[in-house]
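Text of upload06.cif, listed as mmCIF, C-alpha atoms:
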data_start
loop_
_atom_site.label_atom_id
_atom_site.label_comp_id
_atom_site.auth_asym_id
_atom_site.auth_seq_id
_atom_site.Cartn_x
_atom_site.Cartn_y
_atom_site.Cartn_z
CA ARG U 212 39.03 112.49 13.02
CA GLU U 213 38.07 111.71 9.44
CA LEU U 214 39.83 108.34 9.67
CA GLY U 215 37.98 107.49 12.87
CA ARG U 216 40.96 107.39 15.21
CA ASN U 217 40.18 107.26 18.92
CA PRO U 218 41.17 110.63 20.46
CA ARG U 219 41.45 108.97 23.88
CA ALA U 220 43.88 106.30 22.73
CA PHE U 221 47.63 106.37 22.27
CA ALA U 222 50.07 103.72 21.05
CA ILE U 223 53.67 103.09 22.08
CA VAL U 224 56.29 102.16 19.49
CA GLY U 225 59.91 101.66 20.44
CA ASP U 226 62.73 99.76 22.10
CA SER U 227 63.39 98.36 25.58
CA ILE U 228 62.75 101.69 27.29
CA SER U 229 59.20 101.84 26.01
CA ALA U 230 58.73 98.06 26.34
CA SER U 231 59.46 98.31 30.05
CA PRO U 232 56.48 97.98 32.43
CA LYS U 233 57.93 101.02 34.22
CA PHE U 234 57.33 103.19 31.13
CA LEU U 235 53.89 104.80 31.66
CA ARG U 236 52.22 101.53 32.68
CA PRO U 237 52.03 102.51 36.40
CA PHE U 238 49.56 105.25 35.39
CA ALA U 239 47.02 102.50 34.71
CA SER U 240 46.42 102.16 38.45
CA HIS U 241 44.46 104.77 40.35
CA HIS U 242 47.24 106.02 42.58
CA GLU U 243 47.29 109.57 43.83
CA LEU U 244 49.46 112.08 42.01
CA ASP U 245 51.63 114.62 43.78
CA ASP U 246 49.74 117.91 44.07
CA ASP U 247 52.18 119.79 41.84
CA VAL U 248 52.14 117.01 39.23
CA ARG U 249 48.34 116.91 39.29
CA ARG U 250 48.17 120.67 38.78
CA ARG U 251 50.51 120.51 35.80
CA LEU U 252 48.57 117.64 34.22
CA THR U 253 45.08 119.09 34.71
CA LEU U 254 43.14 119.94 31.55
CA THR U 255 40.72 122.83 31.16
CA SER U 256 37.90 120.36 31.80
CA GLY U 257 39.27 119.77 35.31
CA GLN U 258 40.27 116.21 34.43
CA THR U 259 43.93 115.20 34.39
CA VAL U 260 45.46 114.02 31.15
CA VAL U 261 46.14 110.69 32.90
CA ASP U 262 42.44 110.24 33.69
CA PHE U 263 41.57 111.25 30.12
CA TYR U 264 43.56 108.35 28.67
CA ARG U 265 42.92 105.97 31.56
CA GLY U 266 39.16 106.21 31.13
CA ALA U 267 39.06 104.87 27.57
CA ASP U 268 38.61 101.13 27.08
CA LEU U 269 40.52 99.85 24.06
CA VAL U 270 41.45 96.19 23.73
CA ALA U 271 39.66 93.70 25.98
CA GLY U 272 38.82 96.42 28.47
CA LEU U 273 42.37 97.78 28.60
CA ASP U 274 43.30 101.45 28.49
CA SER U 275 46.32 102.82 26.61
CA PHE U 276 48.61 102.45 29.63
CA ARG U 277 48.01 98.68 29.76
CA ALA U 278 47.40 97.99 26.05
CA PRO U 279 49.79 95.97 23.83
CA ARG U 280 52.84 97.83 22.52
CA ALA U 281 54.95 97.66 19.39
CA ALA U 282 58.11 97.66 21.49
CA LYS U 283 60.93 95.16 21.87
CA VAL U 284 64.09 94.86 23.93
CA GLY U 285 67.10 95.55 21.73
CA ALA U 286 65.04 96.85 18.81
CA PRO U 287 66.57 99.47 16.48
CA SER U 288 64.35 101.75 14.40
CA ARG U 289 64.34 99.40 11.39
CA TRP U 290 62.45 96.81 13.49
CA ALA U 291 59.24 98.86 13.32
CA LEU U 292 59.16 98.74 9.50
CA PRO U 293 61.03 95.62 8.34
CA ASP U 294 62.58 95.73 4.88
CA GLY U 295 60.58 93.89 2.24
CA MET U 296 57.37 93.98 4.29
CA ALA U 297 54.36 96.20 3.68
CA ALA U 298 54.40 98.99 6.24
CA GLN U 299 50.97 98.09 7.57
CA ALA U 300 52.15 94.51 8.19
CA GLY U 301 55.08 95.52 10.41
CA PRO U 302 54.90 95.85 14.21
CA ALA U 303 53.91 99.54 14.11
CA GLY U 304 51.27 99.03 11.42
CA ARG U 305 49.69 96.07 13.20
CA LEU U 306 49.47 98.00 16.47
CA ILE U 307 47.74 100.96 14.82
CA ALA U 308 45.17 98.63 13.26
CA GLU U 309 44.56 97.03 16.65
CA LEU U 310 44.30 100.12 18.87
CA GLU U 311 43.02 102.80 16.44
CA PRO U 312 44.98 105.50 18.34
CA ALA U 313 45.07 109.20 17.52
CA VAL U 314 48.60 109.52 18.94
CA ALA U 315 51.71 107.31 18.99
CA LEU U 316 54.74 107.78 21.25
CA VAL U 317 57.84 106.79 19.25
CA LEU U 318 61.20 106.09 20.87
CA PHE U 319 64.13 104.55 19.01
CA GLY U 320 67.82 105.38 18.90
CA SER U 321 69.64 103.74 21.81
CA ASN U 322 70.11 100.50 19.88
CA ASP U 323 70.72 102.25 16.57
CA ALA U 324 73.66 103.97 18.29
CA THR U 325 75.09 100.94 20.07
CA VAL U 326 74.80 97.95 17.73
CA ARG U 327 77.47 99.00 15.25
CA PHE U 328 80.27 101.40 14.49
CA ALA U 329 79.52 103.64 11.51
CA ASP U 330 80.69 106.84 9.93
CA LEU U 331 78.68 109.45 11.83
CA PRO U 332 76.94 111.09 8.81
CA GLU U 333 75.95 107.64 7.55
CA LEU U 334 74.64 106.56 10.95
CA VAL U 335 72.60 109.74 11.40
CA GLY U 336 71.33 109.69 7.81
CA SER U 337 70.04 106.11 7.92
CA TYR U 338 68.46 106.67 11.33
CA ARG U 339 66.68 109.82 10.18
CA GLN U 340 65.45 108.02 7.06
CA ARG U 341 63.95 105.18 9.10
CA MET U 342 62.39 107.52 11.67
CA ALA U 343 60.88 109.62 8.88
CA ALA U 344 59.41 106.43 7.39
CA ILE U 345 57.77 105.63 10.74
CA VAL U 346 56.33 109.15 10.86
CA ASP U 347 55.07 108.76 7.27
CA LEU U 348 53.32 105.50 8.15
CA LEU U 349 51.65 107.00 11.21
CA GLU U 350 50.53 110.16 9.44
CA ALA U 351 49.12 108.16 6.52
CA GLN U 352 47.02 106.28 9.08
CA GLY U 353 45.84 109.51 10.71
CA VAL U 354 48.07 109.13 13.79
CA VAL U 355 50.11 111.99 15.30
CA ALA U 356 53.68 110.88 16.00
CA VAL U 357 55.16 112.16 19.26
CA LEU U 358 58.94 111.75 19.00
CA ASN U 359 61.37 111.36 21.92
CA THR U 360 65.00 112.32 22.26
CA VAL U 361 67.44 109.51 23.06
CA PRO U 362 68.56 109.15 26.70
CA ARG U 363 72.25 109.71 27.35
CA HIS U 364 74.58 106.71 27.09
CA THR U 365 75.73 105.74 30.58
CA TYR U 366 79.19 104.40 31.37
CA ASP U 367 79.69 100.70 30.65
CA PRO U 368 82.65 99.28 32.60
CA ALA U 369 82.81 96.33 30.19
CA ARG U 370 83.77 98.65 27.32
CA PRO U 371 87.03 100.55 26.80
CA ASP U 372 86.94 104.27 27.51
CA CYS U 373 88.22 105.23 24.07
CA ASP U 374 88.54 103.69 20.61
CA HIS U 375 91.72 101.68 19.97
CA GLY U 376 90.70 100.27 16.60
CA PRO U 377 88.59 101.37 13.63
CA ALA U 378 85.53 99.38 14.74
CA ASP U 379 85.67 99.77 18.53
CA LEU U 380 82.41 100.58 20.28
CA SER U 381 83.98 102.34 23.23
CA ASN U 382 82.15 104.42 25.82
CA TRP U 383 83.38 107.53 24.00
CA ARG U 384 82.06 106.25 20.65
CA LEU U 385 78.64 105.35 22.09
CA ALA U 386 78.33 108.72 23.82
CA VAL U 387 79.03 110.50 20.53
CA GLN U 388 76.68 108.32 18.48
CA THR U 389 73.85 108.48 21.01
CA SER U 390 74.15 112.27 21.22
CA ALA U 391 74.10 112.58 17.44
CA LEU U 392 70.93 110.50 17.09
CA SER U 393 69.24 112.42 19.90
CA ALA U 394 69.94 115.65 18.05
CA ALA U 395 68.74 114.11 14.78
CA VAL U 396 65.32 113.12 16.15
CA ALA U 397 64.85 116.60 17.64
CA GLU U 398 65.66 118.12 14.23
CA LEU U 399 63.20 115.76 12.55
CA ALA U 400 60.45 116.83 14.97
CA CYS U 401 61.16 120.49 14.19
CA GLU U 402 61.17 119.95 10.43
CA ARG U 403 57.94 117.93 10.47
CA HIS U 404 56.24 120.16 13.10
CA LEU U 405 55.74 117.21 15.46
CA PRO U 406 55.43 117.11 19.25
CA LEU U 407 58.71 116.22 20.96
CA ILE U 408 59.31 114.83 24.42
CA ASP U 409 62.86 115.69 25.52
CA LEU U 410 63.32 112.44 27.40
CA ARG U 411 67.10 112.92 27.40
CA HIS U 412 66.77 116.18 29.35
CA ALA U 413 64.18 114.70 31.71
CA PHE U 414 66.42 111.72 32.54
CA ASP U 415 69.65 113.70 32.90
CA ALA U 416 68.86 114.67 36.49
CA LEU U 417 68.71 110.96 37.36
#
Just give me the structure of the file as C-alpha coordinates.
Amino acid sequence: RELGRNPRAFAIVGDSISASPKFLRPFASHHELDDDVRRRLTLTSGQTVVDFYRGADLVAGLDSFRAPRAAKVGAPSRWALPDGMAAQAGPAGRLIAELEPAVALVLFGSNDATVRFADLPELVGSYRQRMAAIVDLLEAQGVVAVLNTVPRHTYDPARPDCDHGPADLSNWRLAVQTSALSAAVAELACERHLPLIDLRHAFDAL
(Lines of atoms letter the chains of each structure in order from A and count residues from 1; the text may use other names and numbers.)
(Lines give C-alpha, C1' and ligand atoms only; values in the text may rest on other atoms or scores of the structure.)
Protein backbone atom coordinates (compact mmCIF):
# COMPACT_ATOMS: atom_id res chain seq x y z
CA ARG A 1 0.00 0.00 0.00
CA GLU A 2 2.80 2.39 0.90
CA LEU A 3 4.38 1.88 -2.51
CA GLY A 4 1.10 2.63 -4.25
CA ARG A 5 0.51 -0.78 -5.80
CA ASN A 6 -2.92 -1.39 -7.28
CA PRO A 7 -4.74 -3.93 -5.05
CA ARG A 8 -7.00 -4.85 -7.97
CA ALA A 9 -4.16 -5.67 -10.33
CA PHE A 10 -2.08 -8.80 -10.74
CA ALA A 11 0.82 -9.61 -13.05
CA ILE A 12 1.79 -12.91 -14.66
CA VAL A 13 5.43 -13.96 -14.91
CA GLY A 14 6.43 -17.29 -16.37
CA ASP A 15 6.87 -19.71 -19.24
CA SER A 16 4.65 -21.08 -22.02
CA ILE A 17 1.96 -22.24 -19.61
CA SER A 18 1.37 -18.73 -18.33
CA ALA A 19 1.97 -17.19 -21.78
CA SER A 20 -0.90 -19.25 -23.18
CA PRO A 21 -4.16 -17.39 -23.92
CA LYS A 22 -5.89 -20.30 -22.16
CA PHE A 23 -4.19 -19.40 -18.86
CA LEU A 24 -6.67 -17.12 -17.02
CA ARG A 25 -7.35 -14.94 -20.08
CA PRO A 26 -10.84 -16.44 -20.67
CA PHE A 27 -11.91 -14.83 -17.37
CA ALA A 28 -11.71 -11.46 -19.12
CA SER A 29 -15.03 -12.16 -20.83
CA HIS A 30 -18.28 -12.00 -18.91
CA HIS A 31 -19.25 -15.64 -19.17
CA GLU A 32 -21.30 -17.32 -16.50
CA LEU A 33 -19.51 -19.38 -13.89
CA ASP A 34 -20.74 -22.75 -12.70
CA ASP A 35 -22.79 -22.30 -9.53
CA ASP A 36 -20.35 -24.26 -7.37
CA VAL A 37 -17.37 -22.36 -8.80
CA ARG A 38 -19.12 -19.04 -8.26
CA ARG A 39 -19.86 -19.95 -4.64
CA ARG A 40 -16.24 -20.86 -4.00
CA LEU A 41 -14.96 -17.65 -5.60
CA THR A 42 -17.39 -15.26 -3.88
CA LEU A 43 -15.86 -12.72 -1.51
CA THR A 44 -17.47 -11.42 1.67
CA SER A 45 -18.59 -8.37 -0.31
CA GLY A 46 -20.75 -10.63 -2.49
CA GLN A 47 -18.52 -10.01 -5.51
CA THR A 48 -16.52 -12.85 -7.05
CA VAL A 49 -12.75 -12.63 -7.07
CA VAL A 50 -12.96 -12.75 -10.88
CA ASP A 51 -15.18 -9.66 -10.96
CA PHE A 52 -12.87 -7.95 -8.46
CA TYR A 53 -9.90 -8.20 -10.83
CA ARG A 54 -11.94 -7.90 -14.02
CA GLY A 55 -13.36 -4.54 -12.97
CA ALA A 56 -10.02 -2.73 -12.72
CA ASP A 57 -8.73 -0.92 -15.80
CA LEU A 58 -4.95 -1.07 -16.07
CA VAL A 59 -3.19 -0.56 -19.39
CA ALA A 60 -5.18 1.02 -22.21
CA GLY A 61 -8.45 -0.04 -20.63
CA LEU A 62 -7.33 -3.64 -20.09
CA ASP A 63 -7.87 -5.63 -16.90
CA SER A 64 -5.31 -8.04 -15.44
CA PHE A 65 -6.69 -11.00 -17.39
CA ARG A 66 -5.98 -9.28 -20.72
CA ALA A 67 -2.94 -7.18 -19.75
CA PRO A 68 0.59 -7.80 -21.08
CA ARG A 69 2.55 -10.60 -19.41
CA ALA A 70 6.20 -11.26 -18.67
CA ALA A 71 5.87 -14.77 -20.08
CA LYS A 72 7.57 -16.54 -22.97
CA VAL A 73 7.37 -19.94 -24.61
CA GLY A 74 10.40 -22.00 -23.64
CA ALA A 75 11.53 -19.58 -20.93
CA PRO A 76 13.44 -20.95 -17.91
CA SER A 77 13.51 -19.02 -14.63
CA ARG A 78 16.72 -17.15 -15.53
CA TRP A 79 14.84 -15.40 -18.37
CA ALA A 80 12.92 -13.22 -15.90
CA LEU A 81 16.13 -11.74 -14.45
CA PRO A 82 18.87 -11.92 -17.12
CA ASP A 83 22.46 -12.06 -15.89
CA GLY A 84 24.29 -8.75 -16.12
CA MET A 85 21.07 -6.72 -16.31
CA ALA A 86 19.58 -4.61 -13.54
CA ALA A 87 16.63 -6.49 -12.07
CA GLN A 88 14.21 -3.68 -12.83
CA ALA A 89 15.26 -3.75 -16.50
CA GLY A 90 14.44 -7.43 -17.00
CA PRO A 91 11.06 -8.76 -18.20
CA ALA A 92 9.63 -9.08 -14.68
CA GLY A 93 10.84 -5.64 -13.58
CA ARG A 94 9.46 -3.92 -16.68
CA LEU A 95 6.06 -5.54 -16.23
CA ILE A 96 5.81 -4.42 -12.61
CA ALA A 97 6.61 -0.85 -13.62
CA GLU A 98 3.94 -1.00 -16.32
CA LEU A 99 1.06 -2.60 -14.39
CA GLU A 100 1.75 -1.49 -10.78
CA PRO A 101 0.27 -4.78 -9.46
CA ALA A 102 -0.07 -5.80 -5.83
CA VAL A 103 0.25 -9.49 -6.73
CA ALA A 104 2.27 -11.49 -9.28
CA LEU A 105 1.62 -15.10 -10.29
CA VAL A 106 5.00 -16.75 -10.92
CA LEU A 107 5.37 -20.04 -12.79
CA PHE A 108 8.73 -21.41 -13.94
CA GLY A 109 10.26 -24.87 -13.80
CA SER A 110 9.12 -26.96 -16.75
CA ASN A 111 11.89 -25.60 -18.97
CA ASP A 112 14.45 -25.52 -16.17
CA ALA A 113 13.85 -29.27 -15.83
CA THR A 114 13.89 -30.16 -19.52
CA VAL A 115 16.58 -28.07 -21.21
CA ARG A 116 19.58 -29.86 -19.74
CA PHE A 117 20.81 -32.82 -17.77
CA ALA A 118 22.32 -31.84 -14.42
CA ASP A 119 23.27 -33.36 -11.11
CA LEU A 120 19.99 -33.15 -9.18
CA PRO A 121 21.27 -31.09 -6.19
CA GLU A 122 22.88 -28.63 -8.61
CA LEU A 123 19.73 -28.35 -10.72
CA VAL A 124 17.50 -27.79 -7.68
CA GLY A 125 19.95 -25.37 -6.06
CA SER A 126 20.30 -23.10 -9.09
CA TYR A 127 16.55 -23.14 -9.69
CA ARG A 128 15.79 -22.21 -6.08
CA GLN A 129 18.37 -19.42 -6.23
CA ARG A 130 16.79 -17.90 -9.34
CA MET A 131 13.24 -18.24 -8.01
CA ALA A 132 14.30 -16.62 -4.73
CA ALA A 133 15.80 -13.74 -6.73
CA ILE A 134 12.47 -13.25 -8.52
CA VAL A 135 10.69 -13.20 -5.16
CA ASP A 136 13.25 -10.69 -3.84
CA LEU A 137 12.65 -8.39 -6.81
CA LEU A 138 8.88 -8.53 -6.41
CA GLU A 139 8.95 -7.97 -2.66
CA ALA A 140 11.34 -5.02 -3.03
CA GLN A 141 8.76 -3.49 -5.39
CA GLY A 142 5.92 -4.12 -2.94
CA VAL A 143 4.45 -7.04 -4.91
CA VAL A 144 3.29 -10.31 -3.31
CA ALA A 145 4.65 -13.32 -5.22
CA VAL A 146 2.22 -16.20 -5.64
CA LEU A 147 4.28 -19.27 -6.56
CA ASN A 148 3.05 -22.31 -8.51
CA THR A 149 4.14 -25.92 -8.43
CA VAL A 150 5.39 -27.40 -11.70
CA PRO A 151 2.95 -29.57 -13.68
CA ARG A 152 3.93 -33.21 -14.08
CA HIS A 153 6.07 -34.15 -17.08
CA THR A 154 3.95 -36.09 -19.57
CA TYR A 155 5.25 -38.95 -21.69
CA ASP A 156 7.15 -37.90 -24.81
CA PRO A 157 7.27 -40.71 -27.39
CA ALA A 158 10.22 -39.01 -29.10
CA ARG A 159 12.41 -39.58 -26.02
CA PRO A 160 13.78 -42.87 -24.68
CA ASP A 161 12.07 -44.28 -21.61
CA CYS A 162 15.27 -44.47 -19.58
CA ASP A 163 18.78 -43.00 -19.63
CA HIS A 164 21.34 -44.87 -21.73
CA GLY A 165 24.13 -42.30 -21.45
CA PRO A 166 25.35 -39.76 -18.89
CA ALA A 167 23.58 -36.83 -20.60
CA ASP A 168 20.35 -38.45 -21.80
CA LEU A 169 17.15 -36.50 -21.21
CA SER A 170 14.88 -39.51 -21.09
CA ASN A 171 11.26 -39.54 -19.95
CA TRP A 172 12.45 -40.99 -16.64
CA ARG A 173 15.04 -38.21 -16.21
CA LEU A 174 12.53 -35.44 -17.00
CA ALA A 175 9.95 -36.91 -14.62
CA VAL A 176 12.53 -36.93 -11.81
CA GLN A 177 13.81 -33.42 -12.54
CA THR A 178 10.34 -31.91 -12.92
CA SER A 179 9.21 -33.51 -9.65
CA ALA A 180 12.28 -32.21 -7.84
CA LEU A 181 11.72 -28.63 -9.01
CA SER A 182 8.03 -28.80 -8.12
CA ALA A 183 8.98 -29.82 -4.60
CA ALA A 184 11.62 -27.08 -4.45
CA VAL A 185 9.20 -24.26 -5.29
CA ALA A 186 6.73 -25.54 -2.68
CA GLU A 187 9.52 -25.53 -0.09
CA LEU A 188 10.49 -21.99 -1.10
CA ALA A 189 6.89 -20.82 -0.64
CA CYS A 190 6.81 -22.37 2.84
CA GLU A 191 10.14 -20.85 3.87
CA ARG A 192 9.21 -17.38 2.61
CA HIS A 193 5.58 -17.58 3.85
CA LEU A 194 4.22 -17.02 0.34
CA PRO A 195 0.92 -18.07 -1.23
CA LEU A 196 1.24 -21.26 -3.29
CA ILE A 197 -1.00 -22.57 -6.05
CA ASP A 198 -0.56 -26.34 -6.33
CA LEU A 199 -0.99 -26.34 -10.10
CA ARG A 200 0.60 -29.80 -10.33
CA HIS A 201 -2.13 -31.29 -8.12
CA ALA A 202 -4.87 -29.39 -9.96
CA PHE A 203 -3.69 -30.66 -13.36
CA ASP A 204 -3.09 -34.26 -12.29
CA ALA A 205 -6.74 -35.18 -12.73
CA LEU A 206 -6.48 -34.13 -16.38
Q. Got a sec: who's within 8 Å of range 275-283 of chain U, counting only C-alpha atoms, leaving out chain neighbours fewer than 4 positions off, as a PyMOL selection string?
A. chain U and resi 220-227+229-230+235-239+264-265+267-270+291+302-303+306
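Among the candidates U:Ala297, U:Val260, U:Leu310, U:Leu358, the one nearest to Val248 in chain U when counting all atoms listed in the file is U:Val260.
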Q. With distances taken over only C-alpha atoms, which of U:Ala286, U:Leu399, U:Cys373, U:Leu407 is nearest to Ala324 in chain U?
A. U:Ala286
(Q) If I take CA of Ser321 in chain U and CA of Trp383 in chain U, how far is one from the other in Å, to one decimal? (A) 14.4 Å
**Q.** Gap from CA of Phe328 in chain U to CA of Gln388 in chain U - Å, one decimal
**A.** 8.8 Å
Hits of the PyMOL selection byres ((chain U and resi 338-347) around 8) in this structure, as a PDB file with C-alpha atoms, keeping the file's coordinate frame:
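The resulting file, result-v3.pdb, is shown below:
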ATOM      1  CA  SER U 288      64.350 101.750  14.400  1.00  0.00           C
ATOM      2  CA  ARG U 289      64.340  99.400  11.390  1.00  0.00           C
ATOM      3  CA  ALA U 291      59.240  98.860  13.320  1.00  0.00           C
ATOM      4  CA  LEU U 292      59.160  98.740   9.500  1.00  0.00           C
ATOM      5  CA  ALA U 303      53.910  99.540  14.110  1.00  0.00           C
ATOM      6  CA  GLY U 320      67.820 105.380  18.900  1.00  0.00           C
ATOM      7  CA  ASP U 323      70.720 102.250  16.570  1.00  0.00           C
ATOM      8  CA  LEU U 334      74.640 106.560  10.950  1.00  0.00           C
ATOM      9  CA  VAL U 335      72.600 109.740  11.400  1.00  0.00           C
ATOM     10  CA  GLY U 336      71.330 109.690   7.810  1.00  0.00           C
ATOM     11  CA  SER U 337      70.040 106.110   7.920  1.00  0.00           C
ATOM     12  CA  LEU U 348      53.320 105.500   8.150  1.00  0.00           C
ATOM     13  CA  LEU U 349      51.650 107.000  11.210  1.00  0.00           C
ATOM     14  CA  GLU U 350      50.530 110.160   9.440  1.00  0.00           C
ATOM     15  CA  ALA U 351      49.120 108.160   6.520  1.00  0.00           C
ATOM     16  CA  ALA U 356      53.680 110.880  16.000  1.00  0.00           C
ATOM     17  CA  LEU U 392      70.930 110.500  17.090  1.00  0.00           C
ATOM     18  CA  ALA U 395      68.740 114.110  14.780  1.00  0.00           C
ATOM     19  CA  VAL U 396      65.320 113.120  16.150  1.00  0.00           C
ATOM     20  CA  LEU U 399      63.200 115.760  12.550  1.00  0.00           C
TER      21      LEU U 399
END
Q. Looking at all atoms listed in the file, which of U:Ala300, U:Val326, U:Ile307, U:Ala271 is the one that sits closest to Leu214 in chain U?
A.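 The answer is U:Ile307, which sits nearest to Leu214 in chain U.
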Q | Separation of CA of Leu318 in chain U from CA of Arg363 in chain U in Å | A | 13.3 Å
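Selection result for the displayed file, with the PyMOL selection byres ((chain U and resi 360) around 7) as criterion, is Leu358, Asn359, Val361, Pro362, Ser393, Val396, Ala397, Ile408, Asp409, Leu410 and Arg411 of chain U.
With all atoms listed in the file as the atoms that count, the residue of U:Gln352, U:Asn382, U:Thr365, U:Thr255 with the shortest distance to Gly304 in chain U is U:Gln352.
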(Q) So that I can check the surroundings of Val357 in chain U, please list as an NGL selection string every protein, DNA and RNA residue that reaches within 7 Å of it, counting all atoms listed in the file and ignoring chain neighbours fewer than 2 positions away. (A) :U and (315-317 or 355 or 359 or 405-407)
Q. Using all atoms listed in the file, which residues sit within 10 Å of Arg384 in chain U once same-chain residues fewer than 3 positions away are excluded, as a list in words?
A.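 Residues near the query, excluding close chain neighbours: Ala324, Thr325, Phe328, Ala329, Leu331, His364, Pro371, Asp372, Cys373, Asp374, Ala378, Asp379, Leu380, Ser381, Val387, Gln388, Thr389 and Ser390 of chain U.
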Q | Shell of 8 Å around Glu311 in chain U, only C-alpha atoms, local chain residues under 6 positions omitted, as a ChimeraX atom specification | A | /U:215-217,220
